[in-house]
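> Here you go, one structure.
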Amino acid sequence: DVQLQASGGGLVQPGGSLRLSCAASGFTFSNTVMSWSRQAPGEGPELVARISKGGVNAVYGDSVKGRFTISRDNINNMLYLEMNSLKPEDTAVYYCVKDDDRTRGPGTQVTVSS
């Protein structure tokens with residue numbers, strides 16, 4: 001079974017940082033484009049970042065460009081999201097997404113508030 005377990009969320013003050021991790025299993029991780037998406041209450045899902053299979057190429061949503069960095073470890077089947085200069089509008093549940101079929105895991109809550 002495909003498993004995508006995101007972790008690392010929490011409560012952080014505006015301007016702070018968090019690093020999200022996603023442990024992937026049940027599929028060939030190194031051969032799969034991966035993404036982070038987020039969903040705030042009452043809103044639809046939003047692409048945060050997407051990374052190529054080899055980790056060389058990445059694209060970011062306009063709202064996070066220059067602040068967030070996506071990366072991956074194909075040896076240990078891990079996906080990461082480094083989030084800096086966090087804003088209250090970044091508050092959402094963040095999901096690790098398997099791009100080929102849009103499978104996502106349970107998500108991790110990120111709350112940015114003073």
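For the structure tokens, the naming scheme is as follows: chains receive sequential letters (A, B, ...) according to their order of presentation, residues are indexed from 1 within each chain, and ligands are indexed from 1 in presentation order.
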If we count only C-alpha atoms and set the cut-off at 7 Å, which residues sit around Val2 of chain A, ignoring sequence neighbours fewer than 2 positions away in its own chain? Please answer as a PyMOL selection string.

chain A and resi 4+25-27

> Convert the current residue selection to file output with C-alpha atoms, as a compact mmCIF listing (two decimals), in the first residue's frame.


# COMPACT_ATOMS: atom_id res chain seq x y z
CA LEU A 4 2.71 9.21 2.60
CA SER A 25 6.58 3.89 0.92
CA GLY A 26 4.73 1.38 -1.22
CA PHE A 27 5.86 2.71 -4.61

> Contacts of Val59 of chain A at 12 Å or less, counting only C-alpha atoms, minus same-chain residues fewer than 4 places along, as a PyMOL selection string?

chain A and resi 33-36+47-52+55+63-66+68-71

> When distances are computed from only C-alpha atoms, which of A:Val12, A:Ala23, A:Ala58, A:Cys96 shows the smallest separation from Asp73 of chain A?

A:Ala23

> Which one is closest to Glu46 of chain A: A:Gly105, A:Gln5, A:Thr111, A:Ala92? Count only C-alpha atoms.

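Result for the nearest residue to Glu46 of chain A: A:Ala92.
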
> When distances are computed from only C-alpha atoms, which of A:Ala40, A:Asn77, A:Gln13, A:Thr28 shows the smallest separation from Thr108 of chain A?

A:Ala40

> If you run DSSP on this backbone, which residues of chain A come out as helix (DSSP H, G or I), and could you give them as a list of chain:residue names?

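Listing helix (DSSP H, G or I) positions across chain A yields A:Phe29, A:Ser30, A:Asn31, A:Pro88, A:Glu89, A:Asp90.
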
> So what do you get for atom CA of Met83 of chain A versus atom CA of Gln39 of chain A, distance-wise?

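That distance, rounded to one decimal, is 15.7 Å.
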